[in-house]
$ cat entry19.pdb   # PDB, C-alpha atoms
ATOM      1  CA  MET A   1    -121.540 -73.552  58.077
ATOM      2  CA  ALA A   2    -119.638 -74.563  61.187
ATOM      3  CA  SER A   3    -121.700 -75.652  64.114
ATOM      4  CA  HIS A   4    -120.481 -72.857  66.381
ATOM      5  CA  GLU A   5    -121.433 -70.279  63.730
ATOM      6  CA  LEU A   6    -124.847 -71.851  63.495
ATOM      7  CA  GLN A   7    -125.284 -71.590  67.236
ATOM      8  CA  GLY A   8    -124.087 -68.018  67.261
ATOM      9  CA  HIS A   9    -126.481 -67.145  64.471
ATOM     10  CA  THR A  10    -129.478 -68.617  66.211
ATOM     11  CA  SER A  11    -128.894 -67.523  69.787
ATOM     12  CA  ASP A  12    -130.222 -63.967  69.408
ATOM     13  CA  HIS A  13    -133.292 -65.113  67.526
ATOM     14  CA  THR A  14    -133.914 -67.824  70.073
ATOM     15  CA  ALA A  15    -133.751 -65.275  72.825
ATOM     16  CA  VAL A  16    -136.478 -63.274  71.134
ATOM     17  CA  ALA A  17    -138.510 -66.296  70.072
ATOM     18  CA  GLU A  18    -138.397 -67.788  73.555
ATOM     19  CA  GLY A  19    -139.313 -64.483  75.107
ATOM     20  CA  HIS A  20    -136.021 -63.849  76.913
ATOM     21  CA  ALA A  21    -135.552 -60.410  75.394
ATOM     22  CA  HIS A  22    -138.163 -58.941  77.697
ATOM     23  CA  PRO A  23    -138.095 -55.347  78.941
ATOM     24  CA  LYS A  24    -136.412 -54.396  82.192
ATOM     25  CA  PRO A  25    -138.497 -54.035  85.404
ATOM     26  CA  LYS A  26    -138.127 -50.252  85.244
ATOM     27  CA  LEU A  27    -140.091 -50.158  81.983
ATOM     28  CA  TYR A  28    -142.758 -52.424  83.505
ATOM     29  CA  ILE A  29    -143.180 -49.942  86.361
ATOM     30  CA  GLN A  30    -143.387 -46.992  83.965
ATOM     31  CA  ILE A  31    -146.106 -48.792  82.008
ATOM     32  CA  ALA A  32    -148.011 -49.501  85.233
ATOM     33  CA  VAL A  33    -147.891 -45.795  86.122
ATOM     34  CA  VAL A  34    -149.234 -44.855  82.678
ATOM     35  CA  LEU A  35    -152.015 -47.478  82.998
ATOM     36  CA  ALA A  36    -153.000 -46.105  86.412
ATOM     37  CA  ILE A  37    -153.041 -42.528  85.083
ATOM     38  CA  ILE A  38    -155.217 -43.515  82.122
ATOM     39  CA  THR A  39    -157.682 -45.261  84.463
ATOM     40  CA  ALA A  40    -157.829 -42.149  86.654
ATOM     41  CA  VAL A  41    -158.403 -39.999  83.555
ATOM     42  CA  GLU A  42    -161.272 -42.293  82.500
ATOM     43  CA  VAL A  43    -163.031 -41.827  85.831
ATOM     44  CA  PHE A  44    -162.353 -38.064  85.805
ATOM     45  CA  VAL A  45    -163.724 -37.691  82.273
ATOM     46  CA  LEU A  46    -166.888 -39.587  83.255
ATOM     47  CA  TYR A  47    -167.720 -36.892  85.807
ATOM     48  CA  LEU A  48    -166.882 -33.902  83.575
ATOM     49  CA  PRO A  49    -170.544 -33.399  82.489
ATOM     50  CA  ASN A  50    -171.526 -33.248  86.175
ATOM     51  CA  MET A  51    -168.949 -30.494  86.721
ATOM     52  CA  GLY A  52    -170.625 -28.192  84.242
ATOM     53  CA  PHE A  53    -169.007 -29.476  81.058
ATOM     54  CA  GLU A  54    -172.202 -30.919  79.598
ATOM     55  CA  GLY A  55    -170.813 -30.483  76.080
ATOM     56  CA  PHE A  56    -168.421 -33.345  76.757
ATOM     57  CA  ARG A  57    -171.182 -35.933  77.014
ATOM     58  CA  PRO A  58    -171.342 -36.932  73.307
ATOM     59  CA  PHE A  59    -167.578 -37.480  73.350
ATOM     60  CA  LEU A  60    -167.435 -39.635  76.473
ATOM     61  CA  VAL A  61    -167.824 -43.031  74.814
ATOM     62  CA  PRO A  62    -165.294 -42.303  72.018
ATOM     63  CA  ILE A  63    -162.832 -41.018  74.652
ATOM     64  CA  PHE A  64    -163.342 -44.177  76.742
ATOM     65  CA  ALA A  65    -162.826 -46.314  73.639
ATOM     66  CA  VAL A  66    -159.525 -44.635  72.752
ATOM     67  CA  LEU A  67    -158.215 -44.747  76.326
ATOM     68  CA  SER A  68    -159.144 -48.389  76.891
ATOM     69  CA  ILE A  69    -157.649 -49.423  73.541
ATOM     70  CA  GLY A  70    -154.441 -47.706  74.674
ATOM     71  CA  LYS A  71    -154.466 -49.676  77.942
ATOM     72  CA  PHE A  72    -155.265 -52.886  76.080
ATOM     73  CA  VAL A  73    -152.369 -52.426  73.657
ATOM     74  CA  MET A  74    -149.904 -51.650  76.447
ATOM     75  CA  VAL A  75    -150.804 -54.728  78.496
ATOM     76  CA  VAL A  76    -150.868 -57.043  75.493
ATOM     77  CA  GLY A  77    -147.758 -55.590  73.876
ATOM     78  CA  TRP A  78    -145.465 -55.249  76.867
ATOM     79  CA  TYR A  79    -146.827 -57.318  79.749
ATOM     80  CA  MET A  80    -147.887 -60.213  77.518
ATOM     81  CA  HIS A  81    -144.754 -59.648  75.390
ATOM     82  CA  LEU A  82    -146.528 -59.764  72.035
ATOM     83  CA  LYS A  83    -144.291 -56.895  70.913
ATOM     84  CA  PHE A  84    -141.227 -59.059  71.505
ATOM     85  CA  ASP A  85    -142.473 -62.603  70.910
ATOM     86  CA  ASP A  86    -142.852 -64.580  67.718
ATOM     87  CA  PRO A  87    -145.267 -62.706  65.362
ATOM     88  CA  PHE A  88    -147.249 -65.934  65.063
ATOM     89  CA  PHE A  89    -148.786 -65.312  68.512
ATOM     90  CA  LEU A  90    -149.741 -61.756  67.539
ATOM     91  CA  ARG A  91    -151.454 -62.974  64.368
ATOM     92  CA  MET A  92    -153.251 -65.689  66.317
ATOM     93  CA  PHE A  93    -154.510 -63.246  68.952
ATOM     94  CA  ALA A  94    -155.505 -60.637  66.358
ATOM     95  CA  PHE A  95    -157.460 -63.248  64.404
ATOM     96  CA  ALA A  96    -159.336 -64.340  67.556
ATOM     97  CA  LEU A  97    -160.120 -60.719  68.416
ATOM     98  CA  LEU A  98    -161.376 -60.099  64.882
ATOM     99  CA  ILE A  99    -163.731 -63.090  65.044
ATOM    100  CA  ALA A 100    -164.950 -62.113  68.518
ATOM    101  CA  PHE A 101    -165.552 -58.507  67.424
ATOM    102  CA  THR A 102    -167.365 -59.626  64.269
ATOM    103  CA  VAL A 103    -169.612 -62.054  66.127
ATOM    104  CA  ALA A 104    -170.394 -59.472  68.816
ATOM    105  CA  THR A 105    -171.150 -56.743  66.261
ATOM    106  CA  ALA A 106    -173.345 -59.057  64.193
ATOM    107  CA  PHE A 107    -175.258 -60.154  67.293
ATOM    108  CA  ILE A 108    -175.892 -56.597  68.467
ATOM    109  CA  ALA A 109    -176.865 -55.476  64.948
ATOM    110  CA  LEU A 110    -179.338 -58.330  64.620
ATOM    111  CA  PHE A 111    -180.740 -57.677  68.073
ATOM    112  CA  HIS A 112    -181.383 -54.027  67.237
ATOM    113  CA  GLY A 113    -182.888 -54.913  63.874
ATOM    114  CA  ILE A 114    -180.070 -53.529  61.746
ATOM    115  CA  TYR A 115    -179.854 -55.486  58.509
ATOM    116  CA  PHE A 116    -177.419 -54.983  55.666
ATOM    117  CA  GLY A 117    -178.204 -55.491  52.007
TER     118      GLY A 117
ATOM    119  CA  MET B   1    -124.437 -79.791  66.494
ATOM    120  CA  ALA B   2    -127.720 -81.013  65.023
ATOM    121  CA  THR B   3    -129.711 -77.831  65.335
ATOM    122  CA  ALA B   4    -132.504 -77.254  62.804
ATOM    123  CA  ILE B   5    -133.224 -73.696  61.737
ATOM    124  CA  SER B   6    -136.592 -72.398  60.564
ATOM    125  CA  GLY B   7    -137.043 -69.897  57.762
ATOM    126  CA  HIS B   8    -136.689 -66.932  60.110
ATOM    127  CA  GLY B   9    -133.762 -68.258  62.088
ATOM    128  CA  GLN B  10    -135.510 -69.853  65.038
ATOM    129  CA  VAL B  11    -134.322 -73.071  66.617
ATOM    130  CA  LEU B  12    -136.721 -75.888  65.849
ATOM    131  CA  GLU B  13    -135.184 -78.695  67.878
ATOM    132  CA  PRO B  14    -132.781 -78.492  70.792
ATOM    133  CA  ALA B  15    -129.355 -80.055  70.394
ATOM    134  CA  HIS B  16    -129.070 -83.751  71.252
ATOM    135  CA  ASP B  17    -132.779 -84.079  71.833
ATOM    136  CA  ASP B  18    -133.674 -87.306  73.554
ATOM    137  CA  GLY B  19    -136.796 -87.746  71.496
ATOM    138  CA  ALA B  20    -139.066 -86.495  74.224
ATOM    139  CA  GLY B  21    -138.200 -82.876  73.706
ATOM    140  CA  HIS B  22    -135.711 -82.768  76.605
ATOM    141  CA  GLY B  23    -132.563 -81.224  75.228
ATOM    142  CA  ASP B  24    -129.443 -81.792  77.345
ATOM    143  CA  ASP B  25    -128.167 -78.210  76.974
ATOM    144  CA  HIS B  26    -128.388 -76.353  80.297
ATOM    145  CA  GLY B  27    -131.302 -78.495  81.412
ATOM    146  CA  HIS B  28    -133.731 -76.763  79.045
ATOM    147  CA  GLU B  29    -137.178 -78.345  79.063
ATOM    148  CA  GLU B  30    -138.792 -76.291  76.329
ATOM    149  CA  HIS B  31    -140.746 -78.005  73.584
ATOM    150  CA  HIS B  32    -141.123 -76.573  70.100
ATOM    151  CA  ALA B  33    -143.840 -77.064  67.522
ATOM    152  CA  SER B  34    -142.979 -77.516  63.854
ATOM    153  CA  MET B  35    -143.336 -73.748  63.238
ATOM    154  CA  GLY B  36    -140.602 -73.067  65.784
ATOM    155  CA  VAL B  37    -142.680 -71.665  68.635
ATOM    156  CA  ASN B  38    -142.809 -73.001  72.164
ATOM    157  CA  THR B  39    -145.647 -75.527  72.457
ATOM    158  CA  ILE B  40    -146.615 -74.578  76.018
ATOM    159  CA  LYS B  41    -146.908 -70.949  75.010
ATOM    160  CA  LEU B  42    -148.763 -71.952  71.835
ATOM    161  CA  LEU B  43    -151.220 -73.936  73.947
ATOM    162  CA  MET B  44    -151.834 -70.939  76.204
ATOM    163  CA  TRP B  45    -152.320 -68.571  73.274
ATOM    164  CA  THR B  46    -154.788 -71.044  71.715
ATOM    165  CA  PHE B  47    -156.693 -71.098  74.993
ATOM    166  CA  ILE B  48    -156.623 -67.289  75.164
ATOM    167  CA  ALA B  49    -157.932 -67.096  71.593
ATOM    168  CA  SER B  50    -160.880 -69.311  72.544
ATOM    169  CA  GLU B  51    -161.470 -67.180  75.640
ATOM    170  CA  CYS B  52    -161.708 -64.082  73.417
ATOM    171  CA  LEU B  53    -164.755 -65.649  71.796
ATOM    172  CA  LEU B  54    -166.314 -66.565  75.153
ATOM    173  CA  PHE B  55    -165.944 -63.091  76.631
ATOM    174  CA  GLY B  56    -166.820 -61.439  73.304
ATOM    175  CA  THR B  57    -170.153 -63.257  73.328
ATOM    176  CA  LEU B  58    -170.864 -62.418  76.960
ATOM    177  CA  ILE B  59    -170.051 -58.737  76.400
ATOM    178  CA  ALA B  60    -172.246 -58.684  73.294
ATOM    179  CA  ALA B  61    -175.119 -60.195  75.298
ATOM    180  CA  PHE B  62    -174.690 -57.492  77.943
ATOM    181  CA  LEU B  63    -174.670 -54.708  75.345
ATOM    182  CA  ALA B  64    -177.785 -56.115  73.698
ATOM    183  CA  TYR B  65    -179.798 -56.491  76.903
ATOM    184  CA  PHE B  66    -178.582 -54.105  79.623
ATOM    185  CA  ASN B  67    -180.997 -51.308  78.742
ATOM    186  CA  HIS B  68    -184.078 -53.438  78.162
ATOM    187  CA  GLY B  69    -186.948 -54.462  80.357
ATOM    188  CA  ILE B  70    -187.710 -53.349  83.870
ATOM    189  CA  GLY B  71    -185.168 -51.581  86.090
ATOM    190  CA  PRO B  72    -183.002 -51.049  87.907
ATOM    191  CA  HIS B  73    -180.524 -50.211  85.170
ATOM    192  CA  PRO B  74    -176.724 -49.832  85.332
ATOM    193  CA  HIS B  75    -176.473 -46.114  86.137
ATOM    194  CA  GLU B  76    -178.828 -46.599  89.101
ATOM    195  CA  VAL B  77    -176.698 -49.241  90.821
ATOM    196  CA  TYR B  78    -173.063 -48.751  89.783
ATOM    197  CA  ASP B  79    -170.509 -47.262  92.137
ATOM    198  CA  ILE B  80    -167.847 -46.168  89.631
ATOM    199  CA  PRO B  81    -165.253 -44.882  92.148
ATOM    200  CA  TYR B  82    -165.415 -48.232  93.956
ATOM    201  CA  THR B  83    -165.082 -50.230  90.723
ATOM    202  CA  SER B  84    -162.197 -48.035  89.569
ATOM    203  CA  VAL B  85    -160.298 -49.045  92.732
ATOM    204  CA  SER B  86    -160.855 -52.688  91.736
ATOM    205  CA  ALA B  87    -159.506 -51.844  88.274
ATOM    206  CA  PHE B  88    -156.417 -50.269  89.878
ATOM    207  CA  VAL B  89    -155.872 -53.385  91.987
ATOM    208  CA  LEU B  90    -156.015 -55.676  88.954
ATOM    209  CA  LEU B  91    -153.684 -53.412  86.960
ATOM    210  CA  LEU B  92    -151.259 -53.414  89.874
ATOM    211  CA  SER B  93    -151.400 -57.210  89.967
ATOM    212  CA  SER B  94    -150.303 -57.267  86.323
ATOM    213  CA  LEU B  95    -147.225 -55.283  87.322
ATOM    214  CA  THR B  96    -146.364 -57.691  90.153
ATOM    215  CA  MET B  97    -146.864 -60.600  87.736
ATOM    216  CA  VAL B  98    -144.316 -59.299  85.209
ATOM    217  CA  LEU B  99    -141.935 -58.553  88.070
ATOM    218  CA  ALA B 100    -142.314 -62.199  89.157
ATOM    219  CA  LEU B 101    -141.418 -63.309  85.636
ATOM    220  CA  ALA B 102    -138.407 -60.975  85.527
ATOM    221  CA  ALA B 103    -137.256 -62.433  88.873
ATOM    222  CA  ALA B 104    -137.695 -66.002  87.576
ATOM    223  CA  GLN B 105    -135.652 -65.219  84.468
ATOM    224  CA  SER B 106    -132.855 -63.687  86.535
ATOM    225  CA  ASN B 107    -132.992 -66.607  89.023
ATOM    226  CA  ASP B 108    -133.902 -64.389  91.970
ATOM    227  CA  GLN B 109    -135.969 -66.936  93.922
ATOM    228  CA  ARG B 110    -136.752 -64.618  96.835
ATOM    229  CA  GLN B 111    -138.136 -61.861  94.596
ATOM    230  CA  LEU B 112    -140.018 -64.456  92.552
ATOM    231  CA  ARG B 113    -141.848 -65.739  95.639
ATOM    232  CA  ILE B 114    -142.604 -62.227  96.888
ATOM    233  CA  TRP B 115    -144.103 -61.104  93.574
ATOM    234  CA  LEU B 116    -146.053 -64.354  93.087
ATOM    235  CA  VAL B 117    -147.651 -63.995  96.515
ATOM    236  CA  ALA B 118    -148.255 -60.279  95.952
ATOM    237  CA  THR B 119    -150.043 -61.037  92.676
ATOM    238  CA  ALA B 120    -152.179 -63.736  94.311
ATOM    239  CA  LEU B 121    -153.054 -61.400  97.202
ATOM    240  CA  LEU B 122    -154.058 -58.603  94.830
ATOM    241  CA  GLY B 123    -156.198 -61.127  92.963
ATOM    242  CA  MET B 124    -157.866 -62.061  96.243
ATOM    243  CA  VAL B 125    -158.480 -58.383  97.016
ATOM    244  CA  PHE B 126    -160.156 -58.046  93.619
ATOM    245  CA  ILE B 127    -162.328 -61.114  94.261
ATOM    246  CA  GLY B 128    -163.226 -59.798  97.717
ATOM    247  CA  GLY B 129    -164.197 -56.478  96.155
ATOM    248  CA  GLN B 130    -166.341 -58.226  93.585
ATOM    249  CA  PHE B 131    -168.030 -60.291  96.281
ATOM    250  CA  PHE B 132    -168.814 -57.087  98.190
ATOM    251  CA  GLU B 133    -170.154 -55.460  95.018
ATOM    252  CA  PHE B 134    -172.382 -58.450  94.249
ATOM    253  CA  THR B 135    -173.674 -58.503  97.827
ATOM    254  CA  THR B 136    -174.405 -54.769  97.734
ATOM    255  CA  PHE B 137    -176.258 -55.143  94.445
ATOM    256  CA  LYS B 138    -178.370 -57.918  95.863
ATOM    257  CA  THR B 139    -179.149 -56.526  99.302
ATOM    258  CA  HIS B 140    -179.265 -52.763  98.725
ATOM    259  CA  GLU B 141    -180.020 -52.338  95.036
ATOM    260  CA  HIS B 142    -182.174 -55.470  94.772
ATOM    261  CA  VAL B 143    -180.516 -56.596  91.556
ATOM    262  CA  TRP B 144    -179.656 -60.255  91.152
ATOM    263  CA  ILE B 145    -179.152 -62.657  88.276
ATOM    264  CA  ASP B 146    -182.906 -63.320  87.939
ATOM    265  CA  THR B 147    -184.126 -59.744  88.510
ATOM    266  CA  ASN B 148    -183.993 -58.433  84.957
ATOM    267  CA  GLN B 149    -181.984 -58.661  81.715
ATOM    268  CA  PHE B 150    -179.335 -56.285  83.001
ATOM    269  CA  GLY B 151    -178.863 -58.415  86.136
ATOM    270  CA  SER B 152    -178.682 -61.657  84.147
ATOM    271  CA  THR B 153    -176.092 -60.465  81.661
ATOM    272  CA  PHE B 154    -174.092 -58.441  84.206
ATOM    273  CA  PHE B 155    -173.718 -61.236  86.753
ATOM    274  CA  LEU B 156    -173.039 -63.817  84.052
ATOM    275  CA  LEU B 157    -170.229 -61.737  82.544
ATOM    276  CA  THR B 158    -168.590 -60.433  85.719
ATOM    277  CA  GLY B 159    -169.149 -63.774  87.460
ATOM    278  CA  PHE B 160    -167.308 -65.595  84.680
ATOM    279  CA  HIS B 161    -164.503 -63.075  84.936
ATOM    280  CA  GLY B 162    -164.357 -63.514  88.713
ATOM    281  CA  ALA B 163    -164.151 -67.289  88.247
ATOM    282  CA  HIS B 164    -161.178 -66.753  85.927
ATOM    283  CA  VAL B 165    -159.451 -64.551  88.521
ATOM    284  CA  THR B 166    -160.097 -67.206  91.181
ATOM    285  CA  LEU B 167    -158.550 -69.879  88.975
ATOM    286  CA  GLY B 168    -155.579 -67.578  88.392
ATOM    287  CA  VAL B 169    -155.100 -67.107  92.139
ATOM    288  CA  VAL B 170    -155.076 -70.898  92.643
ATOM    289  CA  TRP B 171    -152.547 -71.253  89.823
ATOM    290  CA  LEU B 172    -150.283 -68.540  91.278
ATOM    291  CA  LEU B 173    -150.406 -70.048  94.768
ATOM    292  CA  SER B 174    -149.552 -73.457  93.272
ATOM    293  CA  LEU B 175    -146.541 -71.899  91.532
ATOM    294  CA  TRP B 176    -145.547 -70.192  94.779
ATOM    295  CA  MET B 177    -145.687 -73.489  96.707
ATOM    296  CA  TYR B 178    -143.704 -75.208  93.954
ATOM    297  CA  SER B 179    -141.068 -72.458  94.127
ATOM    298  CA  LEU B 180    -140.865 -72.874  97.911
ATOM    299  CA  ARG B 181    -140.244 -76.613  97.630
ATOM    300  CA  ARG B 182    -138.096 -76.924  94.530
ATOM    301  CA  GLY B 183    -137.392 -73.448  93.215
ATOM    302  CA  ILE B 184    -138.091 -72.300  89.664
ATOM    303  CA  PRO B 185    -134.800 -71.896  87.778
ATOM    304  CA  PRO B 186    -134.548 -69.739  84.622
ATOM    305  CA  SER B 187    -134.784 -72.897  82.491
ATOM    306  CA  LYS B 188    -138.300 -73.395  83.897
ATOM    307  CA  SER B 189    -139.350 -69.737  83.833
ATOM    308  CA  MET B 190    -141.722 -70.629  80.988
ATOM    309  CA  PHE B 191    -144.121 -71.949  83.651
ATOM    310  CA  VAL B 192    -144.214 -68.484  85.224
ATOM    311  CA  GLU B 193    -144.514 -66.840  81.808
ATOM    312  CA  VAL B 194    -147.510 -68.971  80.828
ATOM    313  CA  ALA B 195    -149.238 -68.285  84.165
ATOM    314  CA  GLY B 196    -148.478 -64.615  83.516
ATOM    315  CA  LEU B 197    -150.073 -64.762  80.065
ATOM    316  CA  TYR B 198    -153.250 -66.099  81.638
ATOM    317  CA  TRP B 199    -153.185 -63.457  84.381
ATOM    318  CA  HIS B 200    -152.605 -60.567  81.980
ATOM    319  CA  PHE B 201    -155.399 -61.807  79.746
ATOM    320  CA  VAL B 202    -157.755 -61.715  82.729
ATOM    321  CA  ASP B 203    -156.559 -58.139  83.325
ATOM    322  CA  VAL B 204    -157.099 -57.218  79.667
ATOM    323  CA  VAL B 205    -160.645 -58.579  79.819
ATOM    324  CA  TRP B 206    -161.276 -56.390  82.849
ATOM    325  CA  ILE B 207    -159.993 -53.339  80.945
ATOM    326  CA  VAL B 208    -162.697 -54.026  78.348
ATOM    327  CA  ILE B 209    -165.375 -54.812  80.954
ATOM    328  CA  PHE B 210    -164.584 -51.670  82.948
ATOM    329  CA  THR B 211    -165.070 -49.519  79.851
ATOM    330  CA  VAL B 212    -167.900 -51.318  78.076
ATOM    331  CA  VAL B 213    -169.916 -52.564  81.052
ATOM    332  CA  TYR B 214    -169.308 -49.841  83.631
ATOM    333  CA  LEU B 215    -168.188 -46.526  82.102
ATOM    334  CA  ALA B 216    -170.048 -46.466  78.777
ATOM    335  CA  PRO B 217    -173.544 -47.360  80.100
ATOM    336  CA  THR B 218    -173.113 -44.849  82.932
ATOM    337  CA  ALA B 219    -172.086 -42.129  80.475
ATOM    338  CA  LEU B 220    -174.993 -42.916  78.154
ATOM    339  CA  GLN B 221    -177.725 -43.064  80.782
ATOM    340  CA  HIS B 222    -176.852 -40.239  83.155
TER     341      HIS B 222
END
$ encode --input "entry19.pdb" --output "structure tokens"
Amino acid sequence: MASHELQGHTSDHTAVAEGHAHPKPKLYIQIAVVLAIITAVEVFVLYLPNMGFEGFRPFLVPIFAVLSIGKFVMVVGWYMHLKFDDPFFLRMFAFALLIAFTVATAFIALFHGIYFG
Amino acid sequence: MATAISGHGQVLEPAHDDGAGHGDDHGHEEHHASMGVNTIKLLMWTFIASECLLFGTLIAAFLAYFNHGIGPHPHEVYDIPYTSVSAFVLLLSSLTMVLALAAAQSNDQRQLRIWLVATALLGMVFIGGQFFEFTTFKTHEHVWIDTNQFGSTFFLLTGFHGAHVTLGVVWLLSLWMYSLRRGIPPSKSMFVEVAGLYWHFVDVVWIVIFTVVYLAPTALQH
């Protein structure tokens, strides 16, 4: 393979691997607007039981979990560029999150006297 | 040109490397590990991975202890509307941080400096808000780190997070001063990107803290 072909072949991949293929500022602003709206929705939902919608109370924590996971994914995927970067970083981060979640769950389960087996 | 290619087409070594990782193409100063990823970014992601464990443990400790022992308890002292403003401020700072990176990559030095300073200022606003919250808890709600289990775990967790934000502000101001003196060309935008990774991670941790430490206990105990 000629050297110029080699360079041409690698340039696009390098751009992605080095993180140069990032979104445009307009998309960053749109994501920020969505993040702000989700945060406002979280606070609004928290006060729904006080507004007469007492039936919402059992669903509050699951709703918060879904909304915050959405915010988490957007920041990590777009702002931290994990959606565009080398998949190695995504695997590394996911593995760390898995260990942290496992340790935290095990600790809380032990603290509350929940034993398996 | 002596360019090595990894299995998935990534450049492993820059052309005409001088042995110290300084390729002579366009003044690039990016270093690559054997798996083809940037070593500075790899270092930051390794640090972030270790931080996941730190904050995971602190959050677990809060969840285990916040409702035990004598009061006051979270729902008696939290001011959710106030904390949600802090959350907005930190989310906004993440936007200004990515705009700073976009400016660095397009070699717009003026915009880069503006967004770096804006991010640092928003970080300072967040820290100021946290300081006010801590002071209010201590003086009005009579909750401090040695008051009860909720106070201990709450101040430990949010205090650690605040320390991370403070470090991020110092880092951003250092970058800003560097850009004033020497400029940060696109070939060095990795320095802004790595600072951004740290800043966004701090923001992501706050997303979790806001939900798990503030919203969920308030919803459960009202």
$ axis_aligned_box --input "entry19.pdb" --around "segment 73-91 of chain B" --padding-each-side "6 Å" --output "lines of an AutoDock Vina configuration file"
center_x = -167.1
center_y = -50.3
center_z = 89.6
size_x = 38.8
size_y = 22.8
size_z = 20.8
$ interface_residues --input "entry19.pdb" --of "chain B" --to "chain A" --cutoff "7 Å" --atoms "only C-alpha atoms" --output "list in words"
Met1, Gly9, Gln10, Val11, Val37, Asn38, Trp45, Ala49, Cys52, Leu53, Gly56, Thr57, Ala60, Ala64, Phe88, Leu92, Leu95, Val98, Leu99, Ala102, Leu197, His200, Val204, Ile207, Val208, Thr211, Ala216 and Ala219 of chain B
$ atom_distance --input "entry19.pdb" --atom1 "atom CA of Leu63 of chain B" --atom2 "atom CA of Asp146 of chain B"
17.3 Å
$ closest_residue --input "entry19.pdb" --among "B:Asn107, B:Asn148, B:Ser34, B:Ser84" --to "Gly183 of chain B" --atoms "only C-alpha atoms"
B:Asn107
$ resolve_selection --input "entry19.pdb" --expression "the PyMOL selection byres ((chain B and resi 105) around 8)" --output "list of chain:residue names"
A:His20, B:Leu101, B:Ala102, B:Ala103, B:Ala104, B:Ser106, B:Asn107, B:Asp108, B:Pro185, B:Pro186, B:Ser187, B:Ser189
$ resolve_selection --input "entry19.pdb" --expression "the PyMOL selection byres ((chain B and resi 150) around 10)" --output "NGL selection string"
:B and (61-74 or 143-149 or 151-156)
$ write_last_selection --input "entry19.pdb" --atoms "C-alpha atoms" --output "CSV table (one decimal), in the coordinates of the input"
chain,number,residue,atom,x,y,z
B,61,ALA,CA,-175.1,-60.2,75.3
B,62,PHE,CA,-174.7,-57.5,77.9
B,63,LEU,CA,-174.7,-54.7,75.3
B,64,ALA,CA,-177.8,-56.1,73.7
B,65,TYR,CA,-179.8,-56.5,76.9
B,66,PHE,CA,-178.6,-54.1,79.6
B,67,ASN,CA,-181.0,-51.3,78.7
B,68,HIS,CA,-184.1,-53.4,78.2
B,69,GLY,CA,-186.9,-54.5,80.4
B,70,ILE,CA,-187.7,-53.3,83.9
B,71,GLY,CA,-185.2,-51.6,86.1
B,72,PRO,CA,-183.0,-51.0,87.9
B,73,HIS,CA,-180.5,-50.2,85.2
B,74,PRO,CA,-176.7,-49.8,85.3
B,143,VAL,CA,-180.5,-56.6,91.6
B,144,TRP,CA,-179.7,-60.3,91.2
B,145,ILE,CA,-179.2,-62.7,88.3
B,146,ASP,CA,-182.9,-63.3,87.9
B,147,THR,CA,-184.1,-59.7,88.5
B,148,ASN,CA,-184.0,-58.4,85.0
B,149,GLN,CA,-182.0,-58.7,81.7
B,151,GLY,CA,-178.9,-58.4,86.1
B,152,SER,CA,-178.7,-61.7,84.1
B,153,THR,CA,-176.1,-60.5,81.7
B,154,PHE,CA,-174.1,-58.4,84.2
B,155,PHE,CA,-173.7,-61.2,86.8
B,156,LEU,CA,-173.0,-63.8,84.1
$ resolve_selection --input "entry19.pdb" --expression "the PyMOL selection byres ((chain B and resi 124) around 12)" --output "PyMOL selection string"
chain B and resi 86+89-90+93+117-123+125-131+162-170+172-173
